[in-house]
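upload01.cif follows (mmCIF, C-alpha atoms):
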data_entry
#
loop_
_atom_site.label_atom_id
_atom_site.label_comp_id
_atom_site.auth_asym_id
_atom_site.auth_seq_id
_atom_site.Cartn_x
_atom_site.Cartn_y
_atom_site.Cartn_z
CA MET A 1 -117.97 -62.74 23.20
CA ASN A 2 -114.42 -63.77 22.29
CA LYS A 3 -112.20 -60.68 21.81
CA VAL A 4 -108.52 -60.21 22.59
CA ILE A 5 -106.40 -57.06 22.39
CA LEU A 6 -102.65 -57.45 22.87
CA MET A 7 -99.69 -55.10 22.70
CA GLY A 8 -96.20 -56.52 22.65
CA ARG A 9 -93.07 -57.27 20.68
CA LEU A 10 -92.44 -60.15 18.28
CA THR A 11 -90.02 -62.66 19.75
CA ARG A 12 -88.77 -63.70 16.29
CA ASP A 13 -89.59 -63.16 12.61
CA PRO A 14 -92.98 -64.55 11.56
CA GLU A 15 -93.07 -68.05 10.10
CA VAL A 16 -95.15 -67.87 6.90
CA ARG A 17 -96.53 -70.72 4.84
CA TYR A 18 -99.03 -70.82 2.00
CA SER A 19 -101.99 -73.20 1.80
CA GLN A 20 -102.31 -75.64 -1.09
CA GLY A 21 -104.88 -75.26 -3.83
CA GLU A 22 -105.93 -72.86 -6.56
CA GLN A 23 -105.92 -69.81 -4.33
CA ALA A 24 -102.98 -70.13 -1.94
CA THR A 25 -103.61 -68.33 1.35
CA ALA A 26 -100.81 -66.94 3.51
CA ILE A 27 -100.68 -68.35 7.05
CA ALA A 28 -98.33 -66.47 9.37
CA ARG A 29 -97.43 -67.68 12.86
CA TYR A 30 -95.62 -65.53 15.38
CA THR A 31 -95.24 -65.05 19.10
CA ILE A 32 -95.76 -61.77 20.93
CA ALA A 33 -94.11 -61.05 24.28
CA VAL A 34 -96.65 -59.09 26.35
CA ASP A 35 -95.36 -57.45 29.52
CA ARG A 36 -97.20 -58.30 32.72
CA ARG A 37 -98.58 -55.39 34.72
CA PHE A 38 -97.64 -56.77 38.11
CA LYS A 39 -94.91 -59.04 39.37
CA ARG A 40 -95.82 -61.79 41.84
CA ASP A 41 -93.48 -62.73 44.67
CA GLY A 42 -91.06 -65.42 43.56
CA ASP A 43 -92.16 -65.23 39.91
CA GLN A 44 -89.20 -64.44 37.65
CA GLN A 45 -91.27 -64.20 34.47
CA THR A 46 -92.21 -60.60 33.57
CA ALA A 47 -93.92 -61.30 30.22
CA ASP A 48 -96.35 -63.76 28.67
CA PHE A 49 -95.52 -65.28 25.29
CA ILE A 50 -98.68 -65.52 23.21
CA GLN A 51 -98.95 -67.49 19.97
CA CYS A 52 -100.69 -65.66 17.11
CA VAL A 53 -101.82 -66.86 13.70
CA ALA A 54 -102.81 -64.56 10.82
CA PHE A 55 -104.50 -65.66 7.60
CA GLY A 56 -104.77 -64.12 4.12
CA ARG A 57 -103.81 -60.49 3.74
CA LEU A 58 -102.92 -60.24 7.45
CA GLY A 59 -100.51 -63.13 6.93
CA GLU A 60 -99.01 -61.34 3.93
CA PHE A 61 -98.75 -58.13 6.02
CA ALA A 62 -96.86 -60.06 8.71
CA GLU A 63 -94.51 -61.58 6.13
CA LYS A 64 -93.73 -58.23 4.54
CA TYR A 65 -93.52 -55.86 7.53
CA LEU A 66 -93.17 -57.67 10.85
CA ARG A 67 -89.75 -58.58 12.24
CA LYS A 68 -88.29 -59.68 15.56
CA GLY A 69 -88.64 -56.83 18.08
CA THR A 70 -91.44 -55.01 16.22
CA LYS A 71 -94.00 -53.62 18.66
CA VAL A 72 -97.55 -54.31 17.49
CA VAL A 73 -101.15 -54.12 18.65
CA VAL A 74 -103.11 -57.23 17.71
CA THR A 75 -106.87 -57.64 17.93
CA GLY A 76 -108.39 -61.05 17.48
CA ARG A 77 -110.02 -64.04 19.12
CA ILE A 78 -108.77 -67.00 21.13
CA GLN A 79 -109.03 -70.37 19.43
CA THR A 80 -108.17 -73.70 21.02
CA GLY A 81 -107.39 -76.94 19.25
CA SER A 82 -105.57 -80.22 19.56
CA TYR A 83 -103.57 -82.69 17.50
CA THR A 84 -101.73 -85.95 18.03
CA ASN A 85 -97.94 -85.68 17.71
CA LYS A 86 -95.56 -88.31 16.28
CA ASP A 87 -95.26 -90.00 19.67
CA GLY A 88 -99.03 -90.54 19.82
CA GLN A 89 -99.56 -87.94 22.54
CA LYS A 90 -102.43 -85.47 22.33
CA VAL A 91 -101.20 -81.86 22.28
CA TYR A 92 -103.55 -78.98 23.13
CA THR A 93 -103.04 -75.57 21.52
CA THR A 94 -104.24 -72.05 22.25
CA ASP A 95 -103.73 -69.34 19.60
CA VAL A 96 -104.93 -65.82 19.00
CA VAL A 97 -106.44 -65.66 15.51
CA VAL A 98 -105.47 -62.18 14.30
CA GLU A 99 -108.30 -60.02 12.95
CA GLU A 100 -106.40 -56.69 13.02
CA CYS A 101 -102.73 -55.83 13.37
CA GLU A 102 -101.05 -52.43 13.50
CA PHE A 103 -97.72 -50.98 14.51
CA ALA A 104 -97.49 -49.65 18.07
CA GLU A 105 -94.45 -47.45 17.43
CA SER A 106 -92.51 -45.91 14.59
CA LYS A 107 -89.51 -47.57 12.97
CA ASN A 108 -87.25 -44.97 14.56
CA ALA A 109 -88.59 -45.66 18.06
CA SER A 110 -87.87 -49.36 17.64
CA GLY A 111 -84.24 -48.61 16.77
CA ASP A 112 -84.48 -49.63 13.12
CA ASN A 113 -82.72 -46.87 11.22
CA SER A 114 -82.95 -48.54 7.82
CA GLY A 115 -86.05 -46.60 6.84
CA PHE A 116 -87.11 -42.97 6.64
CA THR A 117 -85.72 -40.67 9.33
CA PRO A 118 -86.92 -37.19 10.31
CA ALA A 119 -83.57 -35.78 9.14
CA ASP A 120 -84.44 -36.95 5.61
CA ARG A 121 -87.68 -34.95 5.59
CA PRO A 122 -87.47 -31.94 3.26
CA SER A 123 -88.10 -28.61 4.93
CA PRO A 124 -91.01 -26.61 3.48
CA SER A 125 -89.54 -23.83 1.39
CA SER A 126 -92.40 -21.38 1.69
CA ALA A 127 -93.74 -21.95 5.20
CA ALA A 128 -95.36 -19.08 7.03
CA GLY A 129 -94.57 -18.37 10.66
CA ASP A 130 -97.60 -20.41 11.77
CA GLY A 131 -96.22 -23.61 10.16
CA PHE A 132 -98.63 -23.64 7.21
CA MET A 133 -97.46 -23.31 3.63
CA ASN A 134 -98.51 -20.19 1.73
CA ILE A 135 -100.82 -20.93 -1.21
CA PRO A 136 -100.29 -18.58 -4.15
CA ASP A 137 -103.18 -16.41 -5.35
CA GLY A 138 -105.24 -17.71 -8.29
CA ILE A 139 -104.77 -21.40 -7.48
CA ASP A 140 -108.29 -21.76 -5.99
CA GLU A 141 -109.67 -23.15 -9.25
CA GLU A 142 -107.27 -26.12 -9.10
CA LEU A 143 -108.15 -27.19 -5.57
CA PRO A 144 -110.61 -30.11 -5.32
CA PHE A 145 -112.57 -28.40 -2.53
CA ASN A 146 -113.84 -24.91 -1.65
#
Rendering of file as structure tokens:
Amino acid sequence: MNKVILMGRLTRDPEVRYSQGEQATAIARYTIAVDRRFKRDGDQQTADFIQCVAFGRLGEFAEKYLRKGTKVVVTGRIQTGSYTNKDGQKVYTTDVVVEECEFAESKNASGDNSGFTPADRPSPSSAAGDGFMNIPDGIDEELPFN
């Protein structure tokens, strides 16, 4: 079984490209900084920087919503590969191929105040003391459930 679950913050904005052909597919590459649980003696590094690649709609999601510093939970699989660089040297790669991606905190928690804030939320005008809104009599016929 090859399954990876990571939680961390993006180190920079995703780099997104589109494949060639009739149906161009989004390919997003980004790095997640994942905090280490324990610190070893003499080791200054407190996080691991893990390369991720997302294809298709997950790549489009990354392009549209993910930014440097965004905290995400990524589920996927490890994939290794290799290529020969311009100098003729063989380079080995290890990536997490993203199968699921979701936010690990709200925009407000991440310090991005450009979006919706709780202060913008309208207060319910006819809320009862228990926090539920009062439903007027005679509206039962309009509700989609009984």
Apply the PyMOL selection byres ((chain A and resi 47) around 6) to the displayed file and report the matching residues as a PyMOL selection string. chain A and resi 33-36+45-46+48
File dump, residues just selected, C-alpha atoms, as a PDB file, in the coordinates of the input:
ATOM      1  CA  ALA A  33     -94.110 -61.050  24.280  1.00  0.00           C
ATOM      2  CA  VAL A  34     -96.650 -59.090  26.350  1.00  0.00           C
ATOM      3  CA  ASP A  35     -95.360 -57.450  29.520  1.00  0.00           C
ATOM      4  CA  ARG A  36     -97.200 -58.300  32.720  1.00  0.00           C
ATOM      5  CA  GLN A  45     -91.270 -64.200  34.470  1.00  0.00           C
ATOM      6  CA  THR A  46     -92.210 -60.600  33.570  1.00  0.00           C
ATOM      7  CA  ASP A  48     -96.350 -63.760  28.670  1.00  0.00           C
TER       8      ASP A  48
END
Counting all atoms listed in the file, which of A:Asn108, A:Asn85, A:Thr80, A:Thr94 gets nearest to Gln51 in chain A?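 For Gln51 in chain A, the nearest of the candidates is A:Thr94.
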Of the candidates A:Gly21, A:Val97, A:Glu102, A:Lys71, which shows the shortest atom-to-atom distance to Gly8 in chain A, using all atoms listed in the file? A:Lys71
Please work out which residues fall within 8 Å of (-104.0, -62.0, 7.3), coordinates as given in the file, with only C-alpha atoms counting, and return them as a list in words. Ala26, Ile27, Ala28, Ala54, Phe55, Gly56, Arg57, Leu58, Gly59, Glu60, Phe61, Ala62, Val98 and Glu99 of chain A
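Using only C-alpha atoms, the nearest neighbour of Thr93 in chain A within the list A:Cys52, A:Lys107, A:Gly69, A:Asp41 is A:Cys52.
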Record the distance separating CA of Asp43 in chain A and CA of Asp95 in chain A, expressed in Å with one decimal.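 Going from CA of Asp43 in chain A over to CA of Asp95 in chain A, I get 23.7 Å.
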Quick one: axis-aligned box around all listed atoms of range 35-53 of chain A, 6 Å on every side, centre and edge lengths in Å to one decimal, written as JSON.
{"center_x": -95.5, "center_y": -61.4, "center_z": 29.2, "size_x": 24.6, "size_y": 24.1, "size_z": 43.0}
Can you work out the spacing between CA of Met7 in chain A and CA of Ala109 in chain A in Å, to one decimal?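 Pair CA of Met7 in chain A / CA of Ala109 in chain A returns 15.3 Å.
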Using all atoms listed in the file, which of A:Lys68, A:Met1, A:Tyr83, A:Ile32 sits nearest Val96 in chain A?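 Among A:Lys68, A:Met1, A:Tyr83, A:Ile32, it is A:Ile32 that comes nearest to Val96 in chain A.
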Do you have the CA of Gly76 in chain A-CA of Ile50 in chain A distance handy?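 Separation between CA of Gly76 in chain A and CA of Ile50 in chain A: 12.1 Å.
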Give the answer as one residue: which of A:Tyr30, A:Tyr92, A:Phe38, A:Tyr18 has the shortest atom-to-atom distance to Val74 in chain A, using all atoms listed in the file?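 Closest residue, counting all atoms listed in the file: A:Tyr30.
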